[in-house]
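**Q** So that we are looking at the same thing, I have put the structure below in structure tokens.
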Protein chains: 2
Amino acid sequence: MNGTKFVHIVDTTLRDGSHAVAHQFTREQIKAIAGGLDAAGVEYIEVSHGDGLAGSSYNYGWAALSDEEMLKAAAEVIKKAKLTVLLLPGIGTREDLKLAIECGAKAVRVATHVTEADIAEQHIGMAKKMGLEAFGFLMMAHTAPPEKVVEQALLFESYGADYIYIADSAGAMLPEDVKARVGAVVEKVKVPVGFHAHNNLTLATANCLAALEAGATFLDGACRGLGAGAGNAQTEALIGVLDKAGYRTGVDFYKIMDVAEDVVEPIMQRPQVVRNAPLMLGYAGVYSSFLLHTYRAAEKFGLDPRDILVELGRKGMVGGQEDMIVDVAYQLAKQREGN
Amino acid sequence: MNGTKFVHIVDTTLRDGSHAVAHQFTREQIKAIAGGLDAAGVEYIEVSHGDGLAGSSYNYGWAALSDEEMLKAAAEVIKKAKLTVLLLPGIGTREDLKLAIECGAKAVRVATHVTEADIAEQHIGMAKKMGLEAFGFLMMAHTAPPEKVVEQALLFESYGADYIYIADSAGAMLPEDVKARVGAVVEKVKVPVGFHAHNNLTLATANCLAALEAGATFLDGACRGLGAGAGNAQTEALIGVLDKAGYRTGVDFYKIMDVAEDVVEPIMQRPQVVRNAPLMLGYAGVYSSFLLHTYRAAEKFGLDPRDILVELGRKGMVGGQEDMIVDVAYQLAKQREGN
């Protein structure tokens with residue numbers, strides 16, 4: 001048992017969940033969810049377009065509300081929690097961050113690909129200068145070995161990040177993968193470490209437990225798991241499991257359950273089920289943005305799209321390399337002919 | 001990594017999943033699912049009413065088909081797998097088992113409450129005499145400490161059981177609870193040990209991994225998790241995770257995914273989501289049959305039903321003690337008045 005160990009909870013229903021509602025959260029929904037999370041005792045409430053500040057666009061999906069409208073709606077109802085925003089350098093700018101602060105943001109998660117923390121130096125620096133809590137957030141961490149993750153975490157720390165997050169963005173990690181990466185970072189950085197799970201392999205909650213065993217003290221969840229792909233660790237289940245395992249979170253289990261079932265579930269466009277597509281993405285370890293291109297390439301070359309996904313994962317393809325999918329499919333098809 | 005370790009897979013879509021379709025599987029559905037599981041390489045295919053042979057009744061729910069019709073439908077399409085039945089002494093009889101053998105059953109899982117293995121001696125003995133593989137299946141194993149589970153497993157072994165199963169019937173175990181029980185049994189019995197998970201705490205797949213780490217070599221799953229309450233470990237996800245973790249199962253990942261999505265999902269009455277009711281049952285560690293009585297008692301005494309469930313779990317109430325719920329609620333309400 002873990003006695004009185006405290007775990008800080010970041011709920012990302014209103015950010016990662018934005019993907020699952022095609023970025024169409026309304027003012028009323030944001031107020032109901034943020035108000036419920038706050039009353040339940042959640043410490044950090046993340047509110048942003050799924051792809052962070054300024055994500056609303058042709059490329060990433062137009063949102064129903066502007067960043068300003070979303071943040072102000074949440075800020076109106078939050079009494080104790082820290083309103084948190086996501087910022088991906090390259091999408092959001094320092095101007096967007098200034099606006100977020102004016103709208104009530106108290107913390108920012110600056111997210112980069114696991115090998116690219118260096119693009120976040122200015123954003124972390126500015127966040128700290130303006131009095132925000134700053135998280136360095138390393139995405140797709142399964143694609144890098146532990147020592148690389150440590151190197152990048154140390155960069156974030158050197159820029160002044162208050163916390164380092166390891167994100168299993170594709171839901172591709174086994175508990176042992178989580179322990180290896182979180183454990184290595186905990187050993188080398190001085191700041192607290194967190195973990196962001198996706199449920200593609202049905203392991204999100206278990207991977208959160210693995211992260212705690214390896215020394216993490218921050219965890220992400222989303223009510224009913226609402227998030228990209230297979231969704232995140234289901235906040236209310238996570239709280240129940242942490243209660244049972246002897247951790248403290250400050251979150252009331254009954255109240256967070258009620259937010260999930262009475263407020264979040266009714267606005268979900270579909271249940272957060274692990275169907276084959278997200279399962280395959282987790283198995284292969286690739287981004288969901290690859291899926292459509294993969295189906296097209298599979299049809300063109302007469303392949304099973306799953307074989308292409310596995311090959312893309314094996315090659316360590318990352319977001320932005322979608323045009324490589326046709327090449328990979330072509331090579332696979334040629335190999336098949338040769339056999 | 002676990003190299004070449006082999007894990008035996010029992011798929012229980014057509015038995016535990018019977019609960020989730022109100023025992024209304026049709027001949028066509030049984031043939032499509034059993035045929036798909038067999039072609040995918042599943043070693044044991046369990047087919048029975050949710051409460052086992054002769055479960056079709058007023059008490060346990062009338063099934064669309066008789067045991068004979070269900071088993072014959074499955075036997076017609078199974079080429080390699082072992083057709084498996086569930087038998088709960090007290091519901092099914094030795095006559096029912098004879099009939100099952102005539103219909104093609106090759107294995108039986110004789111299931112008792114975790115403290116009542118002794119009621120299964122005759123059934124295990126008869127199964128062995130008639131040439132069946134016999135599993136001793138200990139239900140609600142979270143309610144007994146490891147040493148009690150070991151004692152009961154040894155009883156099953158002494159009756160001639162070929163395998164011992166630990167079942168987390170209420171989905172109440174954390175990975176550490178699974179390891180403690182499975183590990184203790186593996187240490188003391190000579191026969192192989194298996195684990196049957198439920199997903200109430202979103203830990204089904206992780207608990208399967210924990211069981212393997214503790215020495216289990218048999219695991220249960222159900223396609224899309226179809227099963228009682230929050231459902232079972234999702235077979236296709238489990239196979240993907242075991243592949244990734246380096247175990248062999250003989251089950252083709254793509255084929256089992258296709259069975260789940262193309263055959264099982266279309267006949268599901270609702271998606272297998274961890275809503276609040278199953279989550280609370282797992283948290284409290286009580287049977288789903290308590291739920292309706294608990295809601296009634298909560299209304300009568302003006303209590304939160306969740307407080308009653310937690311108290312029932314604390315007292316270790318088991319199936320059949322539903323009439324005690326009112327007493328527990330009455331005591332709780334009196335305590336509240338006293339405060």
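Letters A, B, ... go to the chains of the structure tokens in the order shown; residues in each chain start at 1; ligands are counted from 1 in the same order.
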At a cut-off of 10 Å, which residues of chain B touch chain A? Count only C-alpha atoms and give the answer as a PyMOL selection string.
**A** chain B and resi 1+172-176+199-207+209+224-225+233-234+236-245+253-254+257-258+260-261+265+270-277+279-280+282-284+304+306-307
**Q** Quick one: contact table of segment 149-225 of chain A to segment 128-145 of chain A, 7 Å max, nearest atom pair and distance in Å to one decimal per residue, counting only C-alpha atoms, chain and number order, as CSV?
**A**
residue,atom,partner,partner_atom,distance
A:Val149,CA,A:Ala144,CA,6.3
A:Phe156,CA,A:Gly136,CA,5.6
A:Ala161,CA,A:Ala134,CA,5.2
A:Asp162,CA,A:Ala134,CA,5.4
A:Tyr163,CA,A:Phe135,CA,4.8
A:Ile164,CA,A:Gly136,CA,4.8
A:Tyr165,CA,A:Phe137,CA,4.6
A:Ile166,CA,A:Leu138,CA,5.2
A:Ala167,CA,A:Met139,CA,4.8
A:Asp168,CA,A:Met140,CA,5.4
A:Ser169,CA,A:Met140,CA,4.9
A:Ala170,CA,A:Met140,CA,6.4
A:Ala172,CA,A:His142,CA,6.6
A:Met173,CA,A:His142,CA,6.2
**Q** Mind the document's chain letters and residue numbers, and return as a PDB file with N, CA and C atoms, in the first residue's frame the residues of segment 27-238 of chain A that DSSP labels strand (DSSP E).
**A**
ATOM      1  N   TYR A  44      -5.964  20.497 -11.535  1.00  0.00           N
ATOM      2  CA  TYR A  44      -5.682  21.181 -12.805  1.00  0.00           C
ATOM      3  C   TYR A  44      -6.767  20.823 -13.812  1.00  0.00           C
ATOM      4  N   ILE A  45      -7.383  21.826 -14.416  1.00  0.00           N
ATOM      5  CA  ILE A  45      -8.412  21.593 -15.434  1.00  0.00           C
ATOM      6  C   ILE A  45      -7.882  22.160 -16.748  1.00  0.00           C
ATOM      7  N   GLU A  46      -7.590  21.264 -17.677  1.00  0.00           N
ATOM      8  CA  GLU A  46      -7.028  21.705 -18.957  1.00  0.00           C
ATOM      9  C   GLU A  46      -8.161  22.019 -19.928  1.00  0.00           C
ATOM     10  N   LYS A  82      -6.695  25.005 -10.951  1.00  0.00           N
ATOM     11  CA  LYS A  82      -5.858  25.846 -11.802  1.00  0.00           C
ATOM     12  C   LYS A  82      -6.244  25.619 -13.258  1.00  0.00           C
ATOM     13  N   LEU A  83      -6.736  26.663 -13.881  1.00  0.00           N
ATOM     14  CA  LEU A  83      -7.089  26.600 -15.301  1.00  0.00           C
ATOM     15  C   LEU A  83      -5.792  26.442 -16.098  1.00  0.00           C
ATOM     16  N   THR A  84      -5.759  25.405 -16.938  1.00  0.00           N
ATOM     17  CA  THR A  84      -4.522  25.009 -17.610  1.00  0.00           C
ATOM     18  C   THR A  84      -4.755  24.989 -19.114  1.00  0.00           C
ATOM     19  N   VAL A  85      -3.738  25.423 -19.865  1.00  0.00           N
ATOM     20  CA  VAL A  85      -3.860  25.388 -21.326  1.00  0.00           C
ATOM     21  C   VAL A  85      -2.746  24.532 -21.916  1.00  0.00           C
ATOM     22  N   LEU A  86      -3.004  24.050 -23.128  1.00  0.00           N
ATOM     23  CA  LEU A  86      -1.983  23.319 -23.883  1.00  0.00           C
ATOM     24  C   LEU A  86      -1.441  24.234 -24.969  1.00  0.00           C
ATOM     25  N   LEU A  87      -0.150  24.176 -25.170  1.00  0.00           N
ATOM     26  CA  LEU A  87       0.459  24.967 -26.237  1.00  0.00           C
ATOM     27  C   LEU A  87       1.464  24.103 -26.992  1.00  0.00           C
ATOM     28  N   ALA A 107      -1.708  27.794 -15.585  1.00  0.00           N
ATOM     29  CA  ALA A 107      -0.662  26.813 -15.910  1.00  0.00           C
ATOM     30  C   ALA A 107      -0.702  26.525 -17.396  1.00  0.00           C
ATOM     31  N   VAL A 108       0.456  26.175 -17.946  1.00  0.00           N
ATOM     32  CA  VAL A 108       0.513  25.834 -19.371  1.00  0.00           C
ATOM     33  C   VAL A 108       1.330  24.561 -19.548  1.00  0.00           C
ATOM     34  N   ARG A 109       0.851  23.717 -20.438  1.00  0.00           N
ATOM     35  CA  ARG A 109       1.623  22.534 -20.811  1.00  0.00           C
ATOM     36  C   ARG A 109       2.163  22.788 -22.213  1.00  0.00           C
ATOM     37  N   VAL A 110       3.472  22.916 -22.280  1.00  0.00           N
ATOM     38  CA  VAL A 110       4.129  23.163 -23.559  1.00  0.00           C
ATOM     39  C   VAL A 110       4.566  21.803 -24.101  1.00  0.00           C
ATOM     40  N   ALA A 111       3.949  21.418 -25.227  1.00  0.00           N
ATOM     41  CA  ALA A 111       4.097  20.044 -25.712  1.00  0.00           C
ATOM     42  C   ALA A 111       4.897  20.000 -26.996  1.00  0.00           C
ATOM     43  N   THR A 112       5.871  19.095 -27.031  1.00  0.00           N
ATOM     44  CA  THR A 112       6.644  18.883 -28.254  1.00  0.00           C
ATOM     45  C   THR A 112       6.776  17.384 -28.501  1.00  0.00           C
ATOM     46  N   HIS A 113       7.139  17.032 -29.727  1.00  0.00           N
ATOM     47  CA  HIS A 113       7.501  15.644 -29.984  1.00  0.00           C
ATOM     48  C   HIS A 113       8.654  15.288 -29.041  1.00  0.00           C
ATOM     49  N   GLU A 133       2.545  28.309 -13.896  1.00  0.00           N
ATOM     50  CA  GLU A 133       3.198  27.017 -13.724  1.00  0.00           C
ATOM     51  C   GLU A 133       3.404  26.449 -15.125  1.00  0.00           C
ATOM     52  N   ALA A 134       4.591  25.921 -15.383  1.00  0.00           N
ATOM     53  CA  ALA A 134       4.915  25.444 -16.735  1.00  0.00           C
ATOM     54  C   ALA A 134       5.280  23.965 -16.732  1.00  0.00           C
ATOM     55  N   PHE A 135       4.561  23.219 -17.562  1.00  0.00           N
ATOM     56  CA  PHE A 135       4.831  21.785 -17.743  1.00  0.00           C
ATOM     57  C   PHE A 135       5.561  21.588 -19.072  1.00  0.00           C
ATOM     58  N   GLY A 136       6.627  20.824 -19.066  1.00  0.00           N
ATOM     59  CA  GLY A 136       7.237  20.347 -20.316  1.00  0.00           C
ATOM     60  C   GLY A 136       6.651  18.986 -20.641  1.00  0.00           C
ATOM     61  N   PHE A 137       6.043  18.864 -21.823  1.00  0.00           N
ATOM     62  CA  PHE A 137       5.178  17.718 -22.146  1.00  0.00           C
ATOM     63  C   PHE A 137       5.756  17.014 -23.370  1.00  0.00           C
ATOM     64  N   LEU A 138       6.270  15.801 -23.181  1.00  0.00           N
ATOM     65  CA  LEU A 138       6.954  15.068 -24.261  1.00  0.00           C
ATOM     66  C   LEU A 138       6.013  14.048 -24.892  1.00  0.00           C
ATOM     67  N   MET A 139       5.598  14.316 -26.130  1.00  0.00           N
ATOM     68  CA  MET A 139       4.602  13.480 -26.806  1.00  0.00           C
ATOM     69  C   MET A 139       5.255  12.300 -27.535  1.00  0.00           C
ATOM     70  N   TYR A 163       7.498  21.054 -14.141  1.00  0.00           N
ATOM     71  CA  TYR A 163       7.136  19.629 -14.154  1.00  0.00           C
ATOM     72  C   TYR A 163       7.441  19.066 -15.535  1.00  0.00           C
ATOM     73  N   ILE A 164       7.751  17.771 -15.587  1.00  0.00           N
ATOM     74  CA  ILE A 164       7.962  17.089 -16.864  1.00  0.00           C
ATOM     75  C   ILE A 164       6.879  16.020 -17.034  1.00  0.00           C
ATOM     76  N   TYR A 165       6.285  15.986 -18.206  1.00  0.00           N
ATOM     77  CA  TYR A 165       5.288  14.955 -18.508  1.00  0.00           C
ATOM     78  C   TYR A 165       5.796  14.025 -19.596  1.00  0.00           C
ATOM     79  N   ILE A 166       5.531  12.739 -19.396  1.00  0.00           N
ATOM     80  CA  ILE A 166       5.772  11.720 -20.423  1.00  0.00           C
ATOM     81  C   ILE A 166       4.397  11.377 -20.987  1.00  0.00           C
ATOM     82  N   ALA A 167       4.197  11.570 -22.293  1.00  0.00           N
ATOM     83  CA  ALA A 167       2.884  11.310 -22.892  1.00  0.00           C
ATOM     84  C   ALA A 167       2.955  10.116 -23.833  1.00  0.00           C
ATOM     85  N   VAL A 193       7.373  14.585 -11.919  1.00  0.00           N
ATOM     86  CA  VAL A 193       7.141  13.971 -13.235  1.00  0.00           C
ATOM     87  C   VAL A 193       5.703  13.449 -13.317  1.00  0.00           C
ATOM     88  N   GLY A 194       5.096  13.625 -14.495  1.00  0.00           N
ATOM     89  CA  GLY A 194       3.729  13.156 -14.714  1.00  0.00           C
ATOM     90  C   GLY A 194       3.629  12.231 -15.905  1.00  0.00           C
ATOM     91  N   PHE A 195       2.463  11.594 -16.034  1.00  0.00           N
ATOM     92  CA  PHE A 195       2.235  10.654 -17.146  1.00  0.00           C
ATOM     93  C   PHE A 195       0.843  10.858 -17.723  1.00  0.00           C
ATOM     94  N   HIS A 196       0.778  10.876 -19.056  1.00  0.00           N
ATOM     95  CA  HIS A 196      -0.462  11.065 -19.816  1.00  0.00           C
ATOM     96  C   HIS A 196      -0.707   9.807 -20.633  1.00  0.00           C
ATOM     97  N   PHE A 218       2.213  13.125 -10.916  1.00  0.00           N
ATOM     98  CA  PHE A 218       1.126  13.777 -11.653  1.00  0.00           C
ATOM     99  C   PHE A 218       0.533  12.772 -12.640  1.00  0.00           C
ATOM    100  N   LEU A 219      -0.790  12.755 -12.754  1.00  0.00           N
ATOM    101  CA  LEU A 219      -1.456  11.889 -13.731  1.00  0.00           C
ATOM    102  C   LEU A 219      -2.558  12.644 -14.453  1.00  0.00           C
ATOM    103  N   ASP A 220      -2.743  12.306 -15.723  1.00  0.00           N
ATOM    104  CA  ASP A 220      -3.839  12.848 -16.515  1.00  0.00           C
ATOM    105  C   ASP A 220      -4.989  11.860 -16.593  1.00  0.00           C
ATOM    106  N   GLY A 221      -6.194  12.414 -16.664  1.00  0.00           N
ATOM    107  CA  GLY A 221      -7.359  11.595 -16.971  1.00  0.00           C
ATOM    108  C   GLY A 221      -8.369  12.439 -17.707  1.00  0.00           C
TER     109      GLY A 221
END
**Q** Which is closest to Ala39 of chain B among B:Val21, B:Val259, B:Leu292, B:Val178, if we use only C-alpha atoms?
**A**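 Checking each candidate against Ala39 of chain B, we get B:Val259 as the closest.
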**Q** From the set A:Thr93, A:Val263, A:Asp177, A:Ser289, which residue has the shortest atom-to-atom contact distance to Ala32 of chain A, counting only C-alpha atoms?
**A**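 Result for the nearest residue to Ala32 of chain A: A:Val263.
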**Q** Determine, counting only C-alpha atoms, which protein, DNA and RNA residues have an atom within 12 Å of an atom of Lys188 of chain A; residues of the same chain fewer than 3 positions away are not included. Present the result as a list of chain:residue names.
**A**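 Close residues of Lys188 of chain A: A:Pro146, A:Glu147, A:Lys148, A:Val149, A:Val150, A:Glu151, A:Gln152, A:Ala153, A:Leu154, A:Leu155, A:Glu157, A:Ile164, A:Arg181, A:Val182, A:Gly183, A:Ala184, A:Val185, A:Val191, A:Pro192, A:Val193, A:Gly215.
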**Q** Tell me, which residues of segment 108-324 of chain B carry DSSP alpha helix (DSSP H), written as a PyMOL selection string?
**A** chain B and resi 121-129+146-159+175-188+204-213+235-245+253-258+276-284+291-301+305-314+324
**Q** With C-alpha atoms retained, could you export that selection as a short mmCIF file (atom, residue, chain, number, x, y, z; two decimals), in the first residue's frame?
**A**
data_model
loop_
_atom_site.label_atom_id
_atom_site.label_comp_id
_atom_site.auth_asym_id
_atom_site.auth_seq_id
_atom_site.Cartn_x
_atom_site.Cartn_y
_atom_site.Cartn_z
CA GLU B 121 -15.98 -32.92 -5.92
CA GLN B 122 -18.53 -35.14 -7.66
CA HIS B 123 -18.70 -32.95 -10.76
CA ILE B 124 -14.94 -32.84 -11.22
CA GLY B 125 -14.71 -36.59 -10.63
CA MET B 126 -17.41 -37.33 -13.16
CA ALA B 127 -15.92 -34.99 -15.74
CA LYS B 128 -12.58 -36.73 -15.48
CA LYS B 129 -14.20 -40.17 -15.66
CA PRO B 146 -4.41 -15.74 -0.70
CA GLU B 147 -4.05 -18.56 1.84
CA LYS B 148 -7.78 -19.33 1.64
CA VAL B 149 -7.64 -19.33 -2.16
CA VAL B 150 -4.72 -21.77 -1.98
CA GLU B 151 -6.65 -24.07 0.38
CA GLN B 152 -9.58 -24.19 -2.02
CA ALA B 153 -7.35 -24.63 -5.07
CA LEU B 154 -5.74 -27.63 -3.37
CA LEU B 155 -9.21 -29.11 -2.80
CA PHE B 156 -9.97 -28.77 -6.52
CA GLU B 157 -6.62 -30.35 -7.35
CA SER B 158 -7.32 -33.24 -4.97
CA TYR B 159 -10.59 -33.93 -6.81
CA PRO B 175 -2.83 -5.97 -10.16
CA GLU B 176 -1.19 -6.49 -6.76
CA ASP B 177 -4.27 -8.45 -5.56
CA VAL B 178 -4.07 -10.67 -8.64
CA LYS B 179 -0.38 -11.33 -8.16
CA ALA B 180 -0.86 -12.21 -4.51
CA ARG B 181 -3.58 -14.78 -5.20
CA VAL B 182 -2.29 -16.27 -8.45
CA GLY B 183 1.27 -16.35 -7.15
CA ALA B 184 0.26 -18.14 -3.97
CA VAL B 185 -1.73 -20.77 -5.88
CA VAL B 186 0.99 -21.30 -8.51
CA GLU B 187 3.44 -21.95 -5.70
CA LYS B 188 1.29 -24.61 -4.03
CA ALA B 204 -8.91 -6.31 -16.93
CA THR B 205 -6.05 -6.53 -19.43
CA ALA B 206 -3.50 -5.30 -16.90
CA ASN B 207 -4.69 -7.88 -14.38
CA CYS B 208 -4.17 -10.57 -17.03
CA LEU B 209 -0.57 -9.41 -17.41
CA ALA B 210 -0.19 -9.44 -13.62
CA ALA B 211 -1.49 -13.02 -13.53
CA LEU B 212 1.09 -14.11 -16.12
CA GLU B 213 3.84 -12.41 -14.15
CA THR B 235 -9.89 -10.82 -26.21
CA GLU B 236 -8.60 -9.02 -29.30
CA ALA B 237 -6.86 -6.33 -27.21
CA LEU B 238 -5.45 -9.00 -24.91
CA ILE B 239 -3.99 -10.87 -27.90
CA GLY B 240 -2.42 -7.66 -29.22
CA VAL B 241 -0.93 -6.86 -25.81
CA LEU B 242 0.39 -10.41 -25.35
CA ASP B 243 1.94 -10.29 -28.84
CA LYS B 244 3.61 -7.00 -27.96
CA ALA B 245 4.79 -8.32 -24.60
CA PHE B 253 -4.37 -10.99 -33.94
CA TYR B 254 -5.94 -9.75 -37.16
CA LYS B 255 -8.44 -12.61 -37.32
CA ILE B 256 -9.59 -12.18 -33.73
CA MET B 257 -9.95 -8.41 -34.28
CA ASP B 258 -12.18 -9.14 -37.24
CA ASN B 276 -20.79 4.28 -12.84
CA ALA B 277 -22.75 1.21 -11.76
CA PRO B 278 -20.12 -1.38 -12.77
CA LEU B 279 -17.35 0.93 -11.59
CA MET B 280 -18.95 1.12 -8.13
CA LEU B 281 -19.45 -2.67 -8.03
CA GLY B 282 -15.75 -3.16 -8.74
CA TYR B 283 -14.78 -0.48 -6.23
CA ALA B 284 -16.96 -2.03 -3.53
CA LEU B 291 -27.61 -3.47 -7.53
CA LEU B 292 -31.39 -3.42 -7.82
CA HIS B 293 -31.92 -4.27 -4.13
CA THR B 294 -29.41 -1.58 -3.19
CA TYR B 295 -31.18 1.12 -5.18
CA ARG B 296 -34.46 0.18 -3.50
CA ALA B 297 -32.96 0.21 -0.02
CA ALA B 298 -31.22 3.52 -0.71
CA GLU B 299 -34.49 5.13 -1.68
CA LYS B 300 -36.30 3.71 1.33
CA PHE B 301 -33.72 5.01 3.81
CA PRO B 305 -26.68 3.66 -2.89
CA ARG B 306 -22.91 3.86 -3.24
CA ASP B 307 -22.49 4.01 0.53
CA ILE B 308 -24.55 0.85 0.84
CA LEU B 309 -22.46 -0.95 -1.79
CA VAL B 310 -19.23 -0.02 -0.04
CA GLU B 311 -20.63 -1.32 3.25
CA LEU B 312 -21.79 -4.57 1.60
CA GLY B 313 -18.30 -5.06 0.18
CA ARG B 314 -16.73 -4.31 3.55
CA MET B 324 -29.34 -8.63 4.01
#
**Q** Can you tell me how far atom CA of Ala117 of chain B sits from atom CA of Asp51 of chain B, in Å to one decimal?
**A**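 Atom CA of Asp51 of chain B lies at a distance of 16.7 Å from atom CA of Ala117 of chain B.
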**Q** Tell me, as a PDB file with N, CA and C atoms, in the first residue's frame, which residues lie within 9 Å of Ala20 of chain A, counting only C-alpha atoms; anything in the same chain fewer than 3 positions away does not count.
**A**
ATOM      1  N   ASP A  16      -8.105  17.167 -24.419  1.00  0.00           N
ATOM      2  CA  ASP A  16      -7.976  15.969 -25.266  1.00  0.00           C
ATOM      3  C   ASP A  16      -9.367  15.533 -25.737  1.00  0.00           C
ATOM      4  N   GLY A  17     -10.365  15.712 -24.872  1.00  0.00           N
ATOM      5  CA  GLY A  17     -11.743  15.392 -25.242  1.00  0.00           C
ATOM      6  C   GLY A  17     -12.279  16.239 -26.383  1.00  0.00           C
ATOM      7  N   HIS A  23     -14.089  19.235 -31.651  1.00  0.00           N
ATOM      8  CA  HIS A  23     -13.810  20.606 -31.191  1.00  0.00           C
ATOM      9  C   HIS A  23     -15.071  21.477 -31.123  1.00  0.00           C
ATOM     10  N   GLY A  50      -8.140  20.695 -29.024  1.00  0.00           N
ATOM     11  CA  GLY A  50      -7.392  19.443 -28.891  1.00  0.00           C
ATOM     12  C   GLY A  50      -5.925  19.584 -29.237  1.00  0.00           C
ATOM     13  N   LEU A 226     -12.917  10.469 -22.386  1.00  0.00           N
ATOM     14  CA  LEU A 226     -13.108  11.295 -23.587  1.00  0.00           C
ATOM     15  C   LEU A 226     -11.798  11.908 -24.079  1.00  0.00           C
ATOM     16  N   GLY A 227     -11.335  11.439 -25.232  1.00  0.00           N
ATOM     17  CA  GLY A 227     -10.081  11.943 -25.775  1.00  0.00           C
ATOM     18  C   GLY A 227      -9.837  11.393 -27.162  1.00  0.00           C
ATOM     19  N   ALA A 228      -8.712  11.773 -27.750  1.00  0.00           N
ATOM     20  CA  ALA A 228      -8.391  11.333 -29.107  1.00  0.00           C
ATOM     21  C   ALA A 228      -8.268   9.811 -29.163  1.00  0.00           C
ATOM     22  N   GLY A 229      -8.609   9.241 -30.301  1.00  0.00           N
ATOM     23  CA  GLY A 229      -8.431   7.806 -30.518  1.00  0.00           C
ATOM     24  C   GLY A 229      -9.233   6.982 -29.530  1.00  0.00           C
ATOM     25  N   GLY A 231      -9.091   7.331 -26.464  1.00  0.00           N
ATOM     26  CA  GLY A 231      -9.316   8.152 -25.279  1.00  0.00           C
ATOM     27  C   GLY A 231      -8.232   7.979 -24.231  1.00  0.00           C
ATOM     28  N   MET A 268     -21.354  13.135 -25.278  1.00  0.00           N
ATOM     29  CA  MET A 268     -20.424  12.369 -26.113  1.00  0.00           C
ATOM     30  C   MET A 268     -21.097  11.964 -27.422  1.00  0.00           C
ATOM     31  N   GLN A 269     -20.333  12.048 -28.516  1.00  0.00           N
ATOM     32  CA  GLN A 269     -20.889  11.703 -29.817  1.00  0.00           C
ATOM     33  C   GLN A 269     -20.914  10.190 -30.014  1.00  0.00           C
ATOM     34  N   ARG A 270     -20.036   9.484 -29.317  1.00  0.00           N
ATOM     35  CA  ARG A 270     -20.006   8.023 -29.373  1.00  0.00           C
ATOM     36  C   ARG A 270     -19.317   7.536 -28.104  1.00  0.00           C
ATOM     37  N   GLN A 272     -16.637   5.724 -25.772  1.00  0.00           N
ATOM     38  CA  GLN A 272     -15.185   5.613 -25.930  1.00  0.00           C
ATOM     39  C   GLN A 272     -14.800   4.141 -25.831  1.00  0.00           C
TER      40      GLN A 272
END
